[in-house]
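A.B. asks: My file is work_18.txt. It has compact mmCIF, C-alpha atoms and all ligand atoms:
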```
# COMPACT_ATOMS: atom_id res chain seq x y z
CA MET A 336 -37.06 -1.49 17.46
CA GLN A 337 -34.72 1.19 16.15
CA ALA A 338 -31.21 0.24 15.13
CA THR A 339 -28.45 1.49 17.43
CA MET A 340 -25.74 3.93 16.41
CA GLN A 341 -22.67 4.13 18.58
CA VAL A 342 -19.36 5.98 18.68
CA ILE A 343 -16.19 4.17 19.73
CA GLN A 344 -12.81 5.85 19.90
CA GLY A 345 -10.02 3.48 18.93
CA ASP A 346 -8.85 0.99 16.35
CA ILE A 347 -11.45 -0.45 13.99
CA THR A 348 -9.53 -3.72 13.62
CA THR A 349 -10.50 -4.72 17.16
CA VAL A 350 -14.23 -4.05 16.87
CA SER A 351 -16.57 -7.05 17.01
CA VAL A 352 -19.20 -6.50 14.36
CA ASP A 353 -20.23 -8.50 11.30
CA VAL A 354 -18.58 -6.10 8.85
CA ILE A 355 -15.86 -3.49 9.15
CA VAL A 356 -15.45 -0.91 6.42
CA ASN A 357 -12.05 -0.06 5.01
CA ALA A 358 -11.26 3.41 3.63
CA ALA A 359 -9.34 1.99 0.69
CA ASN A 360 -7.97 3.42 -2.55
CA SER A 361 -9.08 2.47 -6.05
CA SER A 362 -6.34 -0.15 -6.44
CA LEU A 363 -7.73 -2.15 -3.47
CA LEU A 364 -4.15 -3.28 -2.86
CA GLY A 365 -3.57 -1.61 0.50
CA GLY A 366 -2.10 1.66 1.68
CA GLY A 367 -1.50 3.65 4.85
CA GLY A 368 -3.90 4.86 7.56
CA VAL A 369 -6.83 2.64 8.37
CA ASP A 370 -6.25 0.62 5.19
CA GLY A 371 -2.75 -0.32 6.35
CA ALA A 372 -3.99 -1.16 9.85
CA ILE A 373 -6.75 -3.42 8.50
CA HIS A 374 -4.41 -5.29 6.15
CA ARG A 375 -1.81 -5.76 8.92
CA ALA A 376 -4.38 -7.11 11.37
CA ALA A 377 -6.17 -9.30 8.80
CA GLY A 378 -3.03 -10.89 7.39
CA PRO A 379 -2.19 -11.90 3.80
CA ALA A 380 -5.56 -13.57 3.15
CA LEU A 381 -7.12 -10.11 2.87
CA LEU A 382 -4.69 -8.88 0.23
CA GLU A 383 -5.21 -12.12 -1.68
CA ALA A 384 -8.99 -11.61 -1.57
CA CYS A 385 -8.57 -8.01 -2.75
CA ARG A 386 -6.37 -9.14 -5.63
CA ARG A 387 -9.04 -11.60 -6.75
CA VAL A 388 -11.74 -8.90 -6.68
CA ARG A 389 -9.47 -6.60 -8.62
CA GLN A 390 -8.79 -9.26 -11.23
CA GLU A 391 -12.52 -9.69 -11.74
CA GLN A 392 -13.68 -6.08 -11.49
CA GLY A 393 -10.64 -3.85 -12.01
CA ASP A 394 -10.27 -0.59 -10.10
CA CYS A 395 -12.86 0.36 -7.50
CA PRO A 396 -13.89 3.94 -8.36
CA PRO A 397 -14.60 6.55 -5.64
CA GLY A 398 -18.02 6.03 -4.08
CA HIS A 399 -18.11 2.32 -4.93
CA ALA A 400 -17.56 -0.62 -2.55
CA VAL A 401 -16.60 -4.29 -2.67
CA ILE A 402 -16.77 -7.03 -0.02
CA THR A 403 -14.20 -9.66 0.95
CA THR A 404 -13.50 -12.13 3.71
CA ALA A 405 -11.84 -10.74 6.83
CA GLY A 406 -8.76 -12.92 7.37
CA ASN A 407 -7.71 -12.87 11.03
CA LEU A 408 -10.00 -10.00 12.02
CA PRO A 409 -12.82 -10.54 14.52
CA ALA A 410 -15.27 -9.26 11.87
CA LYS A 411 -16.84 -11.72 9.41
CA ALA A 412 -16.23 -9.57 6.33
CA VAL A 413 -14.55 -6.38 5.17
CA VAL A 414 -16.21 -3.87 2.88
CA HIS A 415 -13.62 -1.84 1.00
CA THR A 416 -14.91 1.50 -0.16
CA VAL A 417 -13.13 4.42 -1.76
CA GLY A 418 -13.97 7.87 -0.47
CA PRO A 419 -13.41 11.05 -2.47
CA VAL A 420 -10.24 13.09 -2.35
CA TRP A 421 -11.37 16.49 -1.04
CA HIS A 422 -11.56 19.00 -3.89
CA GLY A 423 -12.97 22.00 -2.04
CA GLY A 424 -16.42 20.66 -1.19
CA ASP A 425 -18.24 20.72 -4.53
CA ASP A 426 -21.35 18.60 -5.01
CA ASN A 427 -19.30 15.74 -6.37
CA ASP A 428 -17.28 15.47 -3.14
CA VAL A 429 -20.49 15.30 -1.13
CA HIS A 430 -22.18 12.76 -3.40
CA LEU A 431 -19.17 10.48 -3.56
CA LEU A 432 -18.84 10.43 0.22
CA GLU A 433 -22.57 9.69 0.58
CA ASP A 434 -22.23 6.92 -2.01
CA ALA A 435 -19.29 5.38 -0.12
CA TYR A 436 -21.42 5.05 3.04
CA ARG A 437 -24.59 3.95 1.22
CA ASN A 438 -22.90 1.37 -1.00
CA SER A 439 -21.09 -0.09 2.02
CA LEU A 440 -24.38 -0.48 3.87
CA MET A 441 -26.03 -2.02 0.81
CA LEU A 442 -23.28 -4.63 0.50
CA ALA A 443 -23.56 -5.52 4.18
CA GLU A 444 -27.31 -5.92 3.82
CA ALA A 445 -27.05 -7.90 0.58
CA ASN A 446 -24.76 -10.35 2.40
CA ASN A 447 -27.23 -10.77 5.27
CA PHE A 448 -25.14 -8.97 7.88
CA GLU A 449 -26.68 -6.94 10.71
CA SER A 450 -23.86 -4.91 12.23
CA ILE A 451 -21.24 -2.70 10.60
CA ALA A 452 -18.42 -0.41 11.75
CA PHE A 453 -17.19 2.60 9.77
CA PRO A 454 -14.01 4.63 10.05
CA ALA A 455 -14.23 8.35 9.24
CA ILE A 456 -13.84 7.80 5.49
CA SER A 457 -11.75 10.39 3.58
CA THR A 458 -10.82 12.40 6.70
CA GLY A 459 -7.16 11.32 6.72
CA VAL A 460 -4.91 11.38 3.65
CA TYR A 461 -7.86 12.29 1.39
CA GLY A 462 -8.28 15.58 3.29
CA TYR A 463 -12.06 15.83 3.74
CA PRO A 464 -12.85 18.31 6.55
CA LYS A 465 -13.86 16.27 9.57
CA ALA A 466 -16.97 18.21 10.59
CA ALA A 467 -18.50 18.10 7.11
CA ALA A 468 -17.59 14.43 6.68
CA ALA A 469 -19.12 13.49 10.06
CA GLU A 470 -22.43 15.13 9.14
CA ILE A 471 -22.53 13.33 5.81
CA ALA A 472 -21.65 10.02 7.46
CA ILE A 473 -24.38 10.24 10.09
CA ASN A 474 -27.07 11.67 7.79
CA THR A 475 -26.44 9.01 5.17
CA VAL A 476 -26.52 6.19 7.72
CA VAL A 477 -29.69 7.53 9.38
CA ALA A 478 -31.47 7.79 6.01
CA PHE A 479 -30.42 4.25 5.10
CA LEU A 480 -31.50 2.74 8.43
CA ALA A 481 -34.97 4.24 8.06
CA ASP A 482 -35.62 2.05 5.00
CA HIS A 483 -33.46 -0.98 5.79
CA PRO A 484 -34.42 -2.61 9.10
CA GLN A 485 -32.07 -5.56 8.61
CA ILE A 486 -29.11 -3.44 9.73
CA ARG A 487 -29.41 -3.40 13.53
CA ARG A 488 -26.18 -1.75 14.70
CA VAL A 489 -23.83 0.85 13.23
CA VAL A 490 -20.58 1.73 15.00
CA PHE A 491 -18.63 4.86 14.06
CA VAL A 492 -15.02 4.18 14.97
CA CYS A 493 -13.09 7.41 15.52
CA PHE A 494 -9.35 7.22 15.77
CA ASP A 495 -8.66 10.80 16.81
CA ASP A 496 -10.13 13.07 19.49
CA GLU A 497 -11.54 15.57 17.00
CA ASN A 498 -13.64 12.99 15.13
CA ALA A 499 -14.78 11.35 18.37
CA ALA A 500 -16.00 14.70 19.73
CA LEU A 501 -17.73 15.59 16.45
CA TYR A 502 -19.56 12.28 16.15
CA ARG A 503 -20.57 12.26 19.82
CA ARG A 504 -21.96 15.77 19.52
CA LEU A 505 -23.91 15.00 16.34
CA LEU A 506 -25.43 11.81 17.76
CA THR A 507 -26.28 13.52 21.04
CA GLN A 508 -28.02 16.34 19.13
CA ARG A 509 -30.15 13.71 17.42
CA GLY A 510 -31.03 12.19 20.76
CA THR A 511 -29.54 8.91 19.57
CA GLU A 512 -27.80 6.57 21.94
CA THR A 513 -24.00 6.90 21.93
N1 LIG A 601 -9.03 2.56 13.09
C1 LIG A 601 -9.96 3.51 12.83
N2 LIG A 601 -9.70 4.66 12.20
C2 LIG A 601 -8.42 4.86 11.78
C3 LIG A 601 -7.39 3.92 12.01
C4 LIG A 601 -7.73 2.72 12.69
N3 LIG A 601 -6.84 1.76 12.94
N4 LIG A 601 -6.23 4.42 11.49
C5 LIG A 601 -6.53 5.63 10.97
N5 LIG A 601 -7.85 5.91 11.16
P1 LIG A 601 -7.16 7.42 6.12
P2 LIG A 601 -8.70 8.33 3.77
C6 LIG A 601 -8.62 7.09 10.77
O1 LIG A 601 -6.02 8.31 5.75
O2 LIG A 601 -8.59 9.74 4.20
C7 LIG A 601 -4.95 5.02 2.64
O3 LIG A 601 -3.58 5.02 2.35
C8 LIG A 601 -7.88 8.36 10.48
O4 LIG A 601 -7.57 9.06 11.69
O5 LIG A 601 -6.87 6.05 6.59
O6 LIG A 601 -10.03 7.80 3.32
C9 LIG A 601 -5.77 4.35 1.54
O7 LIG A 601 -5.06 3.30 0.90
C10 LIG A 601 -8.90 9.12 9.64
O8 LIG A 601 -9.82 9.84 10.47
O9 LIG A 601 -8.20 7.25 4.86
C11 LIG A 601 -6.02 5.49 0.59
O10 LIG A 601 -4.94 5.69 -0.30
C12 LIG A 601 -9.68 8.01 8.93
O11 LIG A 601 -9.28 6.78 9.55
C13 LIG A 601 -6.14 6.68 1.50
O12 LIG A 601 -5.41 6.36 2.68
C14 LIG A 601 -9.39 7.92 7.45
O13 LIG A 601 -8.02 8.20 7.20
C15 LIG A 601 -7.59 6.93 1.90
O14 LIG A 601 -7.65 8.13 2.60
```
Rewrite the structure of this file - the entire thing - as structure tokens.
Ligand code: AR6
C.D. replies:
Amino acid sequence: MQATMQVIQGDITTVSVDVIVNAANSSLLGGGGVDGAIHRAAGPALLEACRRVRQEQGDCPPGHAVITTAGNLPAKAVVHTVGPVWHGGDDNDVHLLEDAYRNSLMLAEANNFESIAFPAISTGVYGYPKAAAAEIAINTVVAFLADHPQIRRVVFVCFDDENAALYRRLLTQRGTET
């Protein structure tokens, strides 16, 4: 059976899935936006886990991802990925955003998880245009799911009305359940 893709409008910290994805920065030490919300909800154990990863691996470059425990969150793990800062939409912006989604999915799969929730990576402080980012997010996830049946459920968590409408429209166009 096909994996399900779903849009939820709201706060990713409340979503019950195996893995939630954080739109982090390269320091992995927290920030504003969804990163701040995730760290607040998870509690200090998450920052401690991020510090340990950073000690071992150093900065997390754009497009890369790391996985930690989830502290007080309902999820079992957090994948921290770093999206690109929008630089006008050159190929590098596109590839780094695709990599952020793909590497997050690969980490979830490598850790034997089946469900994952994404925020709209890079569409806040990092300035990526929402429509372009939503297309990249969905196309990258769809391509991944085709070859990786272990991932059974992907939730796109949209905080704002504009992203929710964009994602709903794109998934409806595909004829995919929303
Ligand atoms: N749940 C789901 N989505 C959220 C939430 C939430 N609780 N809060 C905000 N969003 P941003 P970026 C949406 O700025 O653009 C941080 O400081 C938000 O509406 O959080 O990748 C990091 O430390 C937007 O659509 O992440 C980095 O320095 C989306 O999440 C930098 O921001 C992403 O917005 C990363 O920038």
A.B. asks: Could you list, as a count of residues only, every residue within 7 Å of A:Thr416, counting all atoms listed in the file and ignoring same-chain residues fewer than 5 positions away?
C.D. replies: 9
A.B. asks: For the point (-24.9, -9.6, 6.4) in file coordinates, what residues are within 9 Å, counting all atoms listed in the file? Give the answer as a list in words?
C.D. replies: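 Looking at atoms near the point gives Asp353, Val354, Lys411, Ala412, Leu442, Ala443, Glu444, Ala445, Asn446, Asn447, Phe448, Glu449, Ser450, Ile451, Gln485 and Ile486 of chain A.
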A.B. asks: Take the residues from that selection and write them out as a compact mmCIF listing (two decimals), in the coordinates of the input, keeping C-alpha atoms.
C.D. replies:
```
# COMPACT_ATOMS: atom_id res chain seq x y z
CA ASP A 353 -20.23 -8.50 11.30
CA VAL A 354 -18.58 -6.10 8.85
CA LYS A 411 -16.84 -11.72 9.41
CA ALA A 412 -16.23 -9.57 6.33
CA LEU A 442 -23.28 -4.63 0.50
CA ALA A 443 -23.56 -5.52 4.18
CA GLU A 444 -27.31 -5.92 3.82
CA ALA A 445 -27.05 -7.90 0.58
CA ASN A 446 -24.76 -10.35 2.40
CA ASN A 447 -27.23 -10.77 5.27
CA PHE A 448 -25.14 -8.97 7.88
CA GLU A 449 -26.68 -6.94 10.71
CA SER A 450 -23.86 -4.91 12.23
CA ILE A 451 -21.24 -2.70 10.60
CA GLN A 485 -32.07 -5.56 8.61
CA ILE A 486 -29.11 -3.44 9.73
```
A.B. asks: Please indicate the distance in Å from atom CA of A:Leu363 to atom CA of A:Asn474, rounded to one decimal place.
C.D. replies: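 Computed distance, atom CA of A:Leu363 to atom CA of A:Asn474, equals 26.3 Å.
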A.B. asks: Might you pull out every residue within 9 Å of A:Gly365, with all atoms listed in the file counted and same-chain residues fewer than 6 positions away left off, and present them as a list of chain:residue names?
C.D. replies: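 Counting all atoms listed in the file, the residues come to A:Ala359, A:Gly371, A:Ile373, A:His374, A:Leu382, A:Cys385.
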A.B. asks: Between atom CA of A:Ala384 and atom CA of A:Thr404, what distance in Å does the model show, to one decimal?
C.D. replies: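 Atom CA of A:Ala384 sits 7.0 Å away from atom CA of A:Thr404.
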A.B. asks: Give me, as a list in words, all polymer residues having an atom no more than 12 Å from A:Ala500, counting all atoms listed in the file and skipping those fewer than 2 positions away in the same chain.
C.D. replies: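 These residues fall inside the cut-off: Val342, Ile343, Gln344, Lys465, Ala466, Ala469, Phe491, Val492, Cys493, Phe494, Asp495, Asp496, Glu497, Asn498, Tyr502, Arg503, Arg504, Leu505, Leu506, Thr507 and Thr513 of chain A.
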A.B. asks: What does the structure give for the distance between atom CA of A:Val369 and atom N2 of ligand LIG 601 (chain A), in Å to one decimal?
C.D. replies: 5.2 Å
A.B. asks: Might you pull out every residue within 9 Å of A:Val350, with all atoms listed in the file counted and same-chain residues fewer than 4 positions away left off, and present them as a count of residues only?
C.D. replies: 10
A.B. asks: Could you check which of A:Asn427, A:Asn438, A:Asn407, A:Gln341 is closest to A:Val356, using all atoms listed in the file?
C.D. replies: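 Of all the options, A:Asn438 lies closest to A:Val356.
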A.B. asks: Taking 2 positions as the minimum chain separation for residues in the same chain, which residues sit within 10 Å of A:Val420 when counting all atoms listed in the file? Answer as a PyMOL selection string.
C.D. replies: chain A and resi 360+397+417-418+422-424+428+431-432+457-463
A.B. asks: Those same residues, written as a PDB file, in the frame of the given file with C-alpha atoms?
C.D. replies:
```pdb
ATOM      1  CA  ASN A 360      -7.970   3.420  -2.550  1.00  0.00           C
ATOM      2  CA  PRO A 397     -14.600   6.550  -5.640  1.00  0.00           C
ATOM      3  CA  VAL A 417     -13.130   4.420  -1.760  1.00  0.00           C
ATOM      4  CA  GLY A 418     -13.970   7.870  -0.470  1.00  0.00           C
ATOM      5  CA  HIS A 422     -11.560  19.000  -3.890  1.00  0.00           C
ATOM      6  CA  GLY A 423     -12.970  22.000  -2.040  1.00  0.00           C
ATOM      7  CA  GLY A 424     -16.420  20.660  -1.190  1.00  0.00           C
ATOM      8  CA  ASP A 428     -17.280  15.470  -3.140  1.00  0.00           C
ATOM      9  CA  LEU A 431     -19.170  10.480  -3.560  1.00  0.00           C
ATOM     10  CA  LEU A 432     -18.840  10.430   0.220  1.00  0.00           C
ATOM     11  CA  SER A 457     -11.750  10.390   3.580  1.00  0.00           C
ATOM     12  CA  THR A 458     -10.820  12.400   6.700  1.00  0.00           C
ATOM     13  CA  GLY A 459      -7.160  11.320   6.720  1.00  0.00           C
ATOM     14  CA  VAL A 460      -4.910  11.380   3.650  1.00  0.00           C
ATOM     15  CA  TYR A 461      -7.860  12.290   1.390  1.00  0.00           C
ATOM     16  CA  GLY A 462      -8.280  15.580   3.290  1.00  0.00           C
ATOM     17  CA  TYR A 463     -12.060  15.830   3.740  1.00  0.00           C
TER      18      TYR A 463
END
```
A.B. asks: When distances are computed from all atoms listed in the file, which of A:Leu501, A:Met336, A:Ile347, A:Leu364 shows the smallest separation from ligand LIG 601 (chain A)?
C.D. replies: A:Ile347
A.B. asks: When distances are computed from all atoms listed in the file, which of A:Val388, A:Ala376, A:Val414, A:Ala338 shows the smallest separation from A:Val476?
C.D. replies: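 The closest residue to A:Val476 is A:Ala338.
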A.B. asks: With all atoms listed in the file as the basis for distance, which of A:Met340, A:Ala372, A:Ala472, A:Ala455 is at the shortest distance from A:Arg437?
C.D. replies: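 Selected residue with least distance to A:Arg437: A:Ala472.
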A.B. asks: Using all atoms listed in the file for the distances, tell me which of A:Gly367, A:Gly393, A:Pro419, A:Pro484 is nearest to ligand LIG 601 (chain A).
C.D. replies: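 Smallest separation from ligand LIG 601 (chain A) among the options: A:Gly367.
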A.B. asks: May I ask which of the residues A:Pro464, A:Gly406, A:Pro454, A:Gly510 is the closest one to ligand LIG 601 (chain A), counting all atoms listed in the file?
C.D. replies: A:Pro454
A.B. asks: Could you give me stretch 391-402 of chain A completed to all heavy atoms, formatted as a compact mmCIF listing (two decimals), keeping the file's coordinate frame?
C.D. replies:
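Resulting contents of result15.txt:
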```
# COMPACT_ATOMS: atom_id res chain seq x y z
N GLU A 391 -11.19 -9.53 -11.14
CA GLU A 391 -12.52 -9.69 -11.74
C GLU A 391 -13.13 -8.35 -12.14
O GLU A 391 -13.78 -8.23 -13.16
CB GLU A 391 -13.47 -10.36 -10.74
CG GLU A 391 -13.25 -11.85 -10.60
CD GLU A 391 -13.87 -12.40 -9.33
OE1 GLU A 391 -14.76 -11.74 -8.75
OE2 GLU A 391 -13.45 -13.50 -8.90
N GLN A 392 -12.93 -7.33 -11.32
CA GLN A 392 -13.68 -6.08 -11.49
C GLN A 392 -12.82 -4.88 -11.86
O GLN A 392 -13.35 -3.82 -12.16
CB GLN A 392 -14.43 -5.74 -10.19
CG GLN A 392 -15.37 -6.82 -9.72
CD GLN A 392 -16.14 -6.41 -8.48
OE1 GLN A 392 -16.26 -5.23 -8.18
NE2 GLN A 392 -16.65 -7.37 -7.74
N GLY A 393 -11.50 -5.01 -11.75
CA GLY A 393 -10.64 -3.85 -12.01
C GLY A 393 -10.67 -2.86 -10.86
O GLY A 393 -11.03 -3.21 -9.73
N ASP A 394 -10.31 -1.63 -11.14
CA ASP A 394 -10.27 -0.59 -10.10
C ASP A 394 -11.63 -0.40 -9.46
O ASP A 394 -12.66 -0.58 -10.11
CB ASP A 394 -9.87 0.76 -10.73
CG ASP A 394 -8.35 0.90 -10.81
OD1 ASP A 394 -7.64 -0.02 -10.39
OD2 ASP A 394 -7.92 1.96 -11.28
N CYS A 395 -11.62 0.02 -8.20
CA CYS A 395 -12.86 0.36 -7.50
C CYS A 395 -12.96 1.90 -7.50
O CYS A 395 -12.20 2.56 -6.80
CB CYS A 395 -12.82 -0.18 -6.08
SG CYS A 395 -14.31 0.15 -5.12
N PRO A 396 -13.86 2.48 -8.27
CA PRO A 396 -13.89 3.94 -8.36
C PRO A 396 -14.39 4.58 -7.05
O PRO A 396 -15.06 3.92 -6.25
CB PRO A 396 -14.91 4.22 -9.48
CG PRO A 396 -15.25 2.91 -10.08
CD PRO A 396 -14.89 1.84 -9.09
N PRO A 397 -14.08 5.85 -6.83
CA PRO A 397 -14.60 6.55 -5.64
C PRO A 397 -16.12 6.41 -5.54
O PRO A 397 -16.83 6.48 -6.55
CB PRO A 397 -14.20 8.01 -5.89
CG PRO A 397 -13.00 7.92 -6.77
CD PRO A 397 -13.23 6.71 -7.64
N GLY A 398 -16.59 6.18 -4.31
CA GLY A 398 -18.02 6.03 -4.08
C GLY A 398 -18.51 4.60 -4.17
O GLY A 398 -19.59 4.28 -3.70
N HIS A 399 -17.72 3.72 -4.79
CA HIS A 399 -18.11 2.32 -4.93
C HIS A 399 -17.56 1.50 -3.75
O HIS A 399 -16.74 1.99 -2.98
CB HIS A 399 -17.59 1.74 -6.23
CG HIS A 399 -18.29 2.29 -7.44
ND1 HIS A 399 -18.81 1.52 -8.44
CD2 HIS A 399 -18.56 3.57 -7.78
CE1 HIS A 399 -19.37 2.28 -9.35
NE2 HIS A 399 -19.23 3.54 -8.98
N ALA A 400 -18.00 0.24 -3.65
CA ALA A 400 -17.56 -0.62 -2.55
C ALA A 400 -17.53 -2.06 -3.02
O ALA A 400 -18.30 -2.45 -3.91
CB ALA A 400 -18.51 -0.47 -1.37
N VAL A 401 -16.65 -2.85 -2.42
CA VAL A 401 -16.60 -4.29 -2.67
C VAL A 401 -16.49 -5.00 -1.32
O VAL A 401 -16.12 -4.37 -0.32
CB VAL A 401 -15.40 -4.69 -3.56
CG1 VAL A 401 -15.43 -3.96 -4.89
CG2 VAL A 401 -14.07 -4.47 -2.85
N ILE A 402 -16.81 -6.29 -1.29
CA ILE A 402 -16.77 -7.03 -0.02
C ILE A 402 -15.84 -8.23 -0.15
O ILE A 402 -15.78 -8.86 -1.21
CB ILE A 402 -18.20 -7.44 0.41
CG1 ILE A 402 -18.22 -7.96 1.85
CG2 ILE A 402 -18.82 -8.44 -0.57
CD1 ILE A 402 -19.63 -8.01 2.45
```
